[in-house]
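What follows is input00.txt (compact mmCIF, C-alpha atoms).
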```
# COMPACT_ATOMS: atom_id res chain seq x y z
CA ARG A 1 -21.99 5.05 59.23
CA SER A 2 -20.53 3.31 56.18
CA HIS A 3 -17.50 5.54 55.74
CA ALA A 4 -14.98 2.69 56.02
CA ARG A 5 -16.63 0.68 53.24
CA LEU A 6 -17.12 3.85 51.20
CA ALA A 7 -13.39 4.64 51.47
CA GLU A 8 -12.53 1.08 50.42
CA ASP A 9 -14.80 1.30 47.36
CA ILE A 10 -13.20 4.60 46.33
CA ARG A 11 -9.69 3.21 46.79
CA ALA A 12 -10.57 0.10 44.77
CA ALA A 13 -12.39 2.17 42.11
CA ARG A 14 -15.61 0.12 42.44
CA ARG A 15 -17.61 2.58 40.37
CA GLY A 16 -20.69 0.39 40.13
CA GLU A 17 -21.05 0.05 43.89
CA LEU A 18 -20.29 3.72 44.44
CA LYS A 19 -22.87 4.88 41.92
CA SER A 20 -25.58 2.58 43.23
CA GLY A 21 -25.01 3.36 46.91
CA LEU A 22 -24.64 7.11 46.46
CA HIS A 23 -27.76 7.16 44.26
CA ARG A 24 -29.76 5.60 47.09
CA LEU A 25 -28.26 8.00 49.62
CA THR A 26 -29.19 10.96 47.41
CA ASP A 27 -32.76 9.72 46.90
CA ARG A 28 -33.23 9.23 50.63
CA SER A 29 -31.76 12.62 51.50
CA LEU A 30 -34.04 14.36 49.02
CA GLY A 31 -36.93 12.24 50.34
CA ARG A 32 -36.35 13.77 53.75
CA LEU A 33 -36.59 17.23 52.21
CA ARG A 34 -39.85 16.31 50.50
CA ALA A 35 -41.18 15.00 53.83
CA SER A 36 -40.13 18.27 55.47
CA ALA A 37 -42.04 20.19 52.79
CA ALA A 38 -45.19 18.18 53.54
CA GLU A 39 -44.84 18.89 57.25
CA GLN A 40 -44.77 22.60 56.44
CA GLY A 41 -47.83 22.33 54.22
CA VAL A 42 -45.82 22.97 51.05
CA GLU A 43 -46.24 20.90 47.91
CA PRO A 44 -43.08 18.86 47.13
CA GLU A 45 -42.61 20.54 43.72
CA GLU A 46 -42.44 23.90 45.51
CA TYR A 47 -39.62 22.72 47.78
CA ALA A 48 -36.94 21.95 45.24
CA ALA A 49 -33.33 21.32 46.18
CA THR A 50 -30.01 20.95 44.37
CA LEU A 51 -27.49 18.59 45.93
CA ARG A 52 -23.97 18.39 44.53
CA CYS A 53 -21.23 16.56 46.43
CA LEU A 54 -17.53 15.88 45.99
CA LEU A 55 -15.79 13.05 47.86
CA LEU A 56 -12.04 13.51 48.39
CA PRO A 57 -10.16 10.64 50.06
CA ALA A 58 -7.74 11.68 52.78
CA ASP A 59 -5.33 8.96 51.61
CA PRO A 60 -2.66 10.74 49.50
CA ALA A 61 -2.05 7.53 47.55
CA CYS A 62 -5.68 7.47 46.33
CA ARG A 63 -6.18 9.84 43.41
CA THR A 64 -9.86 9.01 42.76
CA ARG A 65 -12.30 11.90 43.09
CA VAL A 66 -16.02 11.11 43.22
CA PHE A 67 -18.75 13.56 42.27
CA PHE A 68 -22.47 12.86 42.71
CA GLY A 69 -25.73 14.69 43.13
CA VAL A 70 -28.92 16.03 41.63
CA GLY A 71 -29.60 19.35 39.92
CA GLY A 72 -27.89 21.75 37.58
CA GLY A 73 -24.44 23.25 37.91
CA GLY A 74 -20.97 22.46 36.70
CA LEU A 75 -18.00 20.18 37.30
CA PHE A 76 -14.81 21.39 35.62
CA ARG A 77 -11.16 20.39 35.60
CA LEU A 78 -8.35 22.81 34.84
CA ARG A 79 -5.43 20.81 33.44
CA GLY A 80 -2.43 22.20 31.60
CA GLY A 81 -4.01 25.66 31.52
CA GLU A 82 -7.16 24.43 29.73
CA TRP A 83 -10.65 23.97 31.16
CA GLN A 84 -12.36 20.60 30.68
CA ASP A 85 -16.12 20.36 31.23
CA ILE A 86 -16.54 16.99 32.99
CA GLU A 87 -20.13 17.46 34.17
CA PRO A 88 -21.76 13.99 33.95
CA ASP A 89 -24.12 13.38 31.04
CA VAL A 90 -27.73 12.72 32.09
CA PRO A 91 -30.84 11.55 30.18
CA GLU A 92 -32.66 14.35 28.39
CA GLY A 93 -36.15 14.77 27.01
CA PRO A 94 -39.66 14.05 28.30
CA GLY A 95 -38.93 10.38 28.85
CA ALA A 96 -35.94 11.01 31.12
CA LYS A 97 -36.28 9.63 34.63
CA GLY A 98 -34.60 10.69 37.84
CA ARG A 99 -34.26 7.07 38.96
CA LEU A 100 -31.87 5.15 36.75
CA SER A 101 -32.06 1.38 36.79
CA GLU A 102 -28.88 -0.33 37.97
CA PRO A 103 -27.91 -3.95 37.20
CA ALA A 104 -27.28 -6.26 40.13
CA GLU A 105 -23.66 -6.58 39.00
CA THR A 106 -21.35 -4.57 36.75
CA PRO A 107 -19.45 -6.15 33.82
CA GLU A 108 -16.36 -6.04 36.05
CA GLY A 109 -18.14 -8.15 38.67
CA ASP A 110 -18.71 -5.43 41.28
CA ARG A 111 -21.82 -6.21 43.30
CA LEU A 112 -24.09 -3.18 43.71
CA THR A 113 -24.89 -3.74 47.35
CA MET A 114 -23.60 -0.68 49.19
CA ASP A 115 -26.13 0.52 51.79
CA LEU A 116 -25.17 3.79 53.46
CA GLY A 117 -27.61 3.19 56.31
CA VAL A 118 -29.93 6.15 55.77
CA THR A 119 -33.49 5.39 56.79
CA THR A 120 -36.15 6.25 54.21
CA VAL A 121 -38.61 8.87 55.49
CA ALA A 122 -42.13 8.66 54.13
CA ALA A 123 -44.26 11.75 53.63
CA PRO A 124 -47.38 12.17 55.82
CA GLY A 125 -50.49 10.27 54.81
CA HIS A 126 -52.22 12.99 52.79
CA HIS A 127 -49.30 12.93 50.34
CA ASP A 128 -48.86 9.13 50.22
CA HIS A 129 -50.75 8.67 46.96
CA ALA A 130 -50.16 12.05 45.36
CA PRO A 131 -48.16 11.94 42.11
CA GLU A 132 -44.57 12.99 42.68
CA PRO A 133 -43.11 15.85 40.66
CA PRO A 134 -40.62 14.88 37.94
CA ARG A 135 -37.24 14.11 39.47
CA GLU A 136 -33.94 15.50 38.31
CA PRO A 137 -31.58 12.81 36.96
CA PHE A 138 -28.88 11.48 39.28
CA ARG A 139 -25.39 12.60 38.31
CA PHE A 140 -22.24 10.59 39.05
CA ARG A 141 -18.62 10.74 37.95
CA ALA A 142 -15.42 9.20 39.27
CA SER A 143 -12.20 10.67 37.89
CA ILE A 144 -8.47 10.36 38.51
CA ALA A 145 -6.63 13.48 39.65
CA HIS A 146 -3.24 14.52 38.27
CA PRO A 147 -0.74 16.73 40.10
CA GLY A 148 -1.39 20.35 39.13
CA ASP A 149 -5.10 19.83 38.39
CA THR A 150 -7.69 22.25 39.69
CA LEU A 151 -11.10 20.66 40.21
CA LEU A 152 -14.06 23.05 40.36
CA MET A 153 -17.61 22.23 41.46
CA CYS A 154 -20.10 25.08 41.18
CA THR A 155 -23.70 26.13 40.73
CA THR A 156 -25.16 27.31 37.42
CA GLY A 157 -24.38 30.91 38.38
CA LEU A 158 -20.71 30.24 37.62
CA ALA A 159 -21.04 27.19 35.36
CA ASP A 160 -23.07 29.01 32.69
CA PRO A 161 -20.64 31.92 32.16
CA LEU A 162 -17.68 29.52 32.27
CA ARG A 163 -19.26 27.55 29.43
CA GLY A 164 -20.33 30.62 27.49
CA GLU A 165 -17.54 33.16 27.91
CA ALA A 166 -14.05 32.37 26.62
CA GLU A 167 -12.64 35.50 28.28
CA LEU A 168 -13.80 34.35 31.73
CA ARG A 169 -12.36 30.88 31.14
CA ALA A 170 -9.00 32.37 30.16
CA HIS A 171 -8.97 34.75 33.15
CA LEU A 172 -9.70 32.00 35.69
CA ALA A 173 -7.26 29.64 33.98
CA ARG A 174 -4.50 32.22 34.48
CA ARG A 175 -5.51 32.84 38.09
CA TRP A 176 -6.07 29.24 39.16
CA SER A 177 -3.44 27.24 37.25
CA VAL A 178 -0.68 25.77 39.39
CA PRO A 179 2.09 23.87 37.55
CA PRO A 180 2.78 20.37 38.88
CA ALA A 181 5.94 20.01 40.97
CA PRO A 182 8.82 20.26 40.40
CA PHE A 183 8.29 23.78 39.11
CA PRO A 184 11.25 24.46 36.77
CA SER A 185 12.03 28.04 37.75
CA GLY A 186 11.58 27.91 41.51
CA PRO A 187 8.93 27.20 44.13
CA VAL A 188 5.43 26.23 43.03
CA PRO A 189 3.21 29.34 43.07
CA PRO A 190 0.73 29.25 45.98
CA VAL A 191 -2.94 28.61 45.36
CA PRO A 192 -5.25 31.60 45.93
CA GLY A 193 -6.09 32.55 49.48
CA LEU A 194 -9.72 32.82 50.53
CA ALA A 195 -10.01 36.53 49.72
CA ALA A 196 -8.44 36.10 46.27
CA PHE A 197 -10.62 33.05 45.55
CA LEU A 198 -13.76 34.98 46.54
CA ALA A 199 -12.77 37.87 44.28
CA ASP A 200 -12.03 35.53 41.37
CA ALA A 201 -15.32 33.64 41.77
CA GLN A 202 -17.23 36.94 41.62
CA VAL A 203 -15.68 38.25 38.39
CA ARG A 204 -18.55 39.73 36.39
CA ALA A 205 -19.64 38.39 33.03
CA LYS A 206 -22.12 40.45 31.04
CA GLY A 207 -25.52 38.79 30.81
CA TYR A 208 -25.02 36.51 33.82
CA ALA A 209 -26.34 37.63 37.20
CA ASP A 210 -27.24 34.47 39.14
CA ASP A 211 -25.81 33.82 42.60
CA ARG A 212 -22.66 31.70 42.64
CA THR A 213 -21.48 28.94 44.90
CA ALA A 214 -18.12 27.34 44.11
CA ALA A 215 -15.68 24.89 45.67
CA ALA A 216 -12.23 24.32 44.17
CA VAL A 217 -9.54 21.74 44.91
CA TRP A 218 -5.89 22.19 43.92
CA GLU A 219 -4.09 18.86 43.53
CA ALA A 220 -0.59 18.62 44.98
```
Starting from the coordinates I provided, produce the structure as structure tokens.
Amino acid sequence: RSHARLAEDIRAARRGELKSGLHRLTDRSLGRLRASAAEQGVEPEEYAATLRCLLLPADPACRTRVFFGVGGGGLFRLRGGEWQDIEPDVPEGPGAKGRLSEPAETPEGDRLTMDLGVTTVAAPGHHDHAPEPPREPFRFRASIAHPGDTLLMCTTGLADPLRGEAELRAHLARRWSVPPAPFPSGPVPPVPGLAAFLADAQVRAKGYADDRTAAAVWEA
């Protein structure tokens, strides 16, 4: 319901407003899941969820890409044939909190007032005063895309071997790199089709057996 304002904030690179508003949206969405767990008679800590989102403006003149969410995984950028790990840093240690305090205004003067219009859902009464399980930290990153970039968002099943296995990084860099136009020796090579992408995403790495979910964006 706030997509027009959201698009404006992305185009204007109002990172403070984006982070604050998307944090609230994420909390409310996960609150609905916790409420659903209570309705099913399941304790909230037994109904965990990972939410990782990537916002891509349809405006070709806007090169801002916004990532946000909660839970483990990976956010990577393939640029010039080299992988960059751009997963947002989050607080670590026993004192880390899932809710990060936000100032009313950023140093640049952006007011943190975005409200994405999602109604908060409270859990049923018998859970109202129960202590909540520790929350995963909120993750947010806004980055600028360059022609020829490949942006990869994935679960830990692919993120962990990408971070730990140089051979896998090199293999996927060869498979997924697309030079920015104009390509000097002819047409720009096509990006992988769905079948090739599925095969690439499933390349085995010894010692890693978790399920994988991956979404990749090739920048024109």
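Put simply, CA of Leu56 in chain A is 28.0 Å away from CA of Arg34 in chain A.
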Would you mind telling me which residue in A:Ala220, A:Arg175, A:Glu167, A:Ser143 lies nearest to Ala205 in chain A when using only C-alpha atoms?
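That would be A:Glu167, the residue with the smallest distance to Ala205 in chain A.
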Using only C-alpha atoms, can you tell me which of A:Leu55, A:Ala201, A:Leu33, A:Val191 comes closest to His3 in chain A?
A:Leu55
Restricting the calculation to only C-alpha atoms, which member of A:Gly74, A:Pro57, A:Gly193, A:Gly80 is positioned closest to Gly148 in chain A?
A:Gly80
Spatial neighbours of Leu151 in chain A, max dist 7 Å, only C-alpha atoms, sep filter under 2 positions, as a list in words:
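What passes the distance filter is Phe76, Arg77, Leu78, Asp149, Met153, Ala216, Val217 and Trp218 of chain A.
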CA of Pro190 in chain A and CA of Pro161 in chain A, how far apart in Å?
25.6 Å
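The smallest atom-to-atom distance between Ala4 in chain A and any of A:Ala58, A:Gly16, A:Leu30, A:Ala196, using only C-alpha atoms, is found for A:Ala58.
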If you keep N, CA, C and O atoms, can you output range 130-156 of chain A as a PDB file, in the first residue's frame?
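In the end it all went to decode-v6.pdb:
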```
ATOM      1  N   ALA A 130       4.220 -14.109  27.954  1.00  0.00           N
ATOM      2  CA  ALA A 130       5.315 -15.073  27.918  1.00  0.00           C
ATOM      3  C   ALA A 130       6.554 -14.401  27.353  1.00  0.00           C
ATOM      4  O   ALA A 130       6.470 -13.578  26.437  1.00  0.00           O
ATOM      5  N   PRO A 131       7.739 -14.710  27.865  1.00  0.00           N
ATOM      6  CA  PRO A 131       8.958 -14.108  27.314  1.00  0.00           C
ATOM      7  C   PRO A 131       9.163 -14.560  25.880  1.00  0.00           C
ATOM      8  O   PRO A 131       8.993 -15.729  25.559  1.00  0.00           O
ATOM      9  N   GLU A 132       9.512 -13.609  25.023  1.00  0.00           N
ATOM     10  CA  GLU A 132       9.733 -13.941  23.621  1.00  0.00           C
ATOM     11  C   GLU A 132      11.104 -14.565  23.445  1.00  0.00           C
ATOM     12  O   GLU A 132      12.046 -14.229  24.154  1.00  0.00           O
ATOM     13  N   PRO A 133      11.242 -15.481  22.472  1.00  0.00           N
ATOM     14  CA  PRO A 133      12.569 -16.032  22.200  1.00  0.00           C
ATOM     15  C   PRO A 133      13.475 -14.949  21.645  1.00  0.00           C
ATOM     16  O   PRO A 133      13.007 -13.935  21.124  1.00  0.00           O
ATOM     17  N   PRO A 134      14.787 -15.120  21.780  1.00  0.00           N
ATOM     18  CA  PRO A 134      15.718 -14.119  21.222  1.00  0.00           C
ATOM     19  C   PRO A 134      15.462 -13.919  19.738  1.00  0.00           C
ATOM     20  O   PRO A 134      15.222 -14.869  19.006  1.00  0.00           O
ATOM     21  N   ARG A 135      15.503 -12.679  19.304  1.00  0.00           N
ATOM     22  CA  ARG A 135      15.224 -12.372  17.907  1.00  0.00           C
ATOM     23  C   ARG A 135      16.522 -12.227  17.116  1.00  0.00           C
ATOM     24  O   ARG A 135      17.501 -11.702  17.605  1.00  0.00           O
ATOM     25  N   GLU A 136      16.446 -12.693  15.875  1.00  0.00           N
ATOM     26  CA  GLU A 136      17.572 -12.509  14.973  1.00  0.00           C
ATOM     27  C   GLU A 136      17.709 -11.021  14.650  1.00  0.00           C
ATOM     28  O   GLU A 136      16.717 -10.307  14.529  1.00  0.00           O
ATOM     29  N   PRO A 137      18.932 -10.526  14.484  1.00  0.00           N
ATOM     30  CA  PRO A 137      19.112  -9.111  14.129  1.00  0.00           C
ATOM     31  C   PRO A 137      18.536  -8.801  12.749  1.00  0.00           C
ATOM     32  O   PRO A 137      18.525  -9.637  11.850  1.00  0.00           O
ATOM     33  N   PHE A 138      18.052  -7.585  12.590  1.00  0.00           N
ATOM     34  CA  PHE A 138      17.565  -7.109  11.297  1.00  0.00           C
ATOM     35  C   PHE A 138      18.764  -6.780  10.408  1.00  0.00           C
ATOM     36  O   PHE A 138      19.759  -6.204  10.860  1.00  0.00           O
ATOM     37  N   ARG A 139      18.674  -7.164   9.155  1.00  0.00           N
ATOM     38  CA  ARG A 139      19.762  -6.942   8.203  1.00  0.00           C
ATOM     39  C   ARG A 139      19.276  -6.007   7.092  1.00  0.00           C
ATOM     40  O   ARG A 139      18.177  -6.188   6.565  1.00  0.00           O
ATOM     41  N   PHE A 140      20.103  -5.035   6.747  1.00  0.00           N
ATOM     42  CA  PHE A 140      19.720  -4.057   5.723  1.00  0.00           C
ATOM     43  C   PHE A 140      20.969  -3.614   4.968  1.00  0.00           C
ATOM     44  O   PHE A 140      22.016  -3.384   5.569  1.00  0.00           O
ATOM     45  N   ARG A 141      20.827  -3.494   3.657  1.00  0.00           N
ATOM     46  CA  ARG A 141      21.907  -2.929   2.847  1.00  0.00           C
ATOM     47  C   ARG A 141      21.318  -2.326   1.585  1.00  0.00           C
ATOM     48  O   ARG A 141      20.474  -2.948   0.922  1.00  0.00           O
ATOM     49  N   ALA A 142      21.755  -1.135   1.258  1.00  0.00           N
ATOM     50  CA  ALA A 142      21.408  -0.496  -0.011  1.00  0.00           C
ATOM     51  C   ALA A 142      22.699  -0.309  -0.798  1.00  0.00           C
ATOM     52  O   ALA A 142      23.665   0.250  -0.281  1.00  0.00           O
ATOM     53  N   SER A 143      22.736  -0.801  -2.021  1.00  0.00           N
ATOM     54  CA  SER A 143      23.957  -0.725  -2.820  1.00  0.00           C
ATOM     55  C   SER A 143      23.623  -0.224  -4.220  1.00  0.00           C
ATOM     56  O   SER A 143      22.474  -0.257  -4.653  1.00  0.00           O
ATOM     57  N   ILE A 144      24.651   0.237  -4.901  1.00  0.00           N
ATOM     58  CA  ILE A 144      24.497   0.764  -6.268  1.00  0.00           C
ATOM     59  C   ILE A 144      25.018  -0.273  -7.255  1.00  0.00           C
ATOM     60  O   ILE A 144      26.160  -0.733  -7.143  1.00  0.00           O
ATOM     61  N   ALA A 145      24.181  -0.634  -8.212  1.00  0.00           N
ATOM     62  CA  ALA A 145      24.552  -1.637  -9.207  1.00  0.00           C
ATOM     63  C   ALA A 145      25.352  -1.015 -10.337  1.00  0.00           C
ATOM     64  O   ALA A 145      25.121   0.132 -10.726  1.00  0.00           O
ATOM     65  N   HIS A 146      26.316  -1.798 -10.865  1.00  0.00           N
ATOM     66  CA  HIS A 146      27.079  -1.403 -12.040  1.00  0.00           C
ATOM     67  C   HIS A 146      26.733  -2.343 -13.199  1.00  0.00           C
ATOM     68  O   HIS A 146      26.450  -3.529 -12.968  1.00  0.00           O
ATOM     69  N   PRO A 147      26.757  -1.861 -14.429  1.00  0.00           N
ATOM     70  CA  PRO A 147      26.540  -2.771 -15.557  1.00  0.00           C
ATOM     71  C   PRO A 147      27.528  -3.939 -15.504  1.00  0.00           C
ATOM     72  O   PRO A 147      28.722  -3.741 -15.255  1.00  0.00           O
ATOM     73  N   GLY A 148      27.017  -5.142 -15.724  1.00  0.00           N
ATOM     74  CA  GLY A 148      27.864  -6.328 -15.686  1.00  0.00           C
ATOM     75  C   GLY A 148      27.896  -7.021 -14.340  1.00  0.00           C
ATOM     76  O   GLY A 148      28.415  -8.133 -14.224  1.00  0.00           O
ATOM     77  N   ASP A 149      27.360  -6.385 -13.287  1.00  0.00           N
ATOM     78  CA  ASP A 149      27.297  -7.028 -11.971  1.00  0.00           C
ATOM     79  C   ASP A 149      26.351  -8.224 -12.002  1.00  0.00           C
ATOM     80  O   ASP A 149      25.363  -8.244 -12.748  1.00  0.00           O
ATOM     81  N   THR A 150      26.642  -9.200 -11.161  1.00  0.00           N
ATOM     82  CA  THR A 150      25.684 -10.246 -10.831  1.00  0.00           C
ATOM     83  C   THR A 150      25.456 -10.172  -9.332  1.00  0.00           C
ATOM     84  O   THR A 150      26.410 -10.238  -8.554  1.00  0.00           O
ATOM     85  N   LEU A 151      24.214 -10.005  -8.928  1.00  0.00           N
ATOM     86  CA  LEU A 151      23.853  -9.912  -7.515  1.00  0.00           C
ATOM     87  C   LEU A 151      23.180 -11.213  -7.114  1.00  0.00           C
ATOM     88  O   LEU A 151      22.221 -11.649  -7.764  1.00  0.00           O
ATOM     89  N   LEU A 152      23.690 -11.845  -6.059  1.00  0.00           N
ATOM     90  CA  LEU A 152      23.203 -13.157  -5.631  1.00  0.00           C
ATOM     91  C   LEU A 152      22.724 -13.089  -4.188  1.00  0.00           C
ATOM     92  O   LEU A 152      23.478 -12.709  -3.291  1.00  0.00           O
ATOM     93  N   MET A 153      21.462 -13.468  -3.963  1.00  0.00           N
ATOM     94  CA  MET A 153      20.915 -13.622  -2.619  1.00  0.00           C
ATOM     95  C   MET A 153      20.609 -15.106  -2.426  1.00  0.00           C
ATOM     96  O   MET A 153      19.981 -15.728  -3.287  1.00  0.00           O
ATOM     97  N   CYS A 154      21.053 -15.676  -1.293  1.00  0.00           N
ATOM     98  CA  CYS A 154      20.889 -17.117  -1.129  1.00  0.00           C
ATOM     99  C   CYS A 154      20.804 -17.493   0.345  1.00  0.00           C
ATOM    100  O   CYS A 154      21.117 -16.703   1.233  1.00  0.00           O
ATOM    101  N   THR A 155      20.390 -18.726   0.579  1.00  0.00           N
ATOM    102  CA  THR A 155      20.356 -19.269   1.927  1.00  0.00           C
ATOM    103  C   THR A 155      21.747 -19.787   2.300  1.00  0.00           C
ATOM    104  O   THR A 155      22.664 -19.835   1.470  1.00  0.00           O
ATOM    105  N   THR A 156      21.882 -20.200   3.570  1.00  0.00           N
ATOM    106  CA  THR A 156      23.193 -20.658   4.043  1.00  0.00           C
ATOM    107  C   THR A 156      23.684 -21.888   3.293  1.00  0.00           C
ATOM    108  O   THR A 156      24.886 -22.129   3.239  1.00  0.00           O
TER     109      THR A 156
END
```
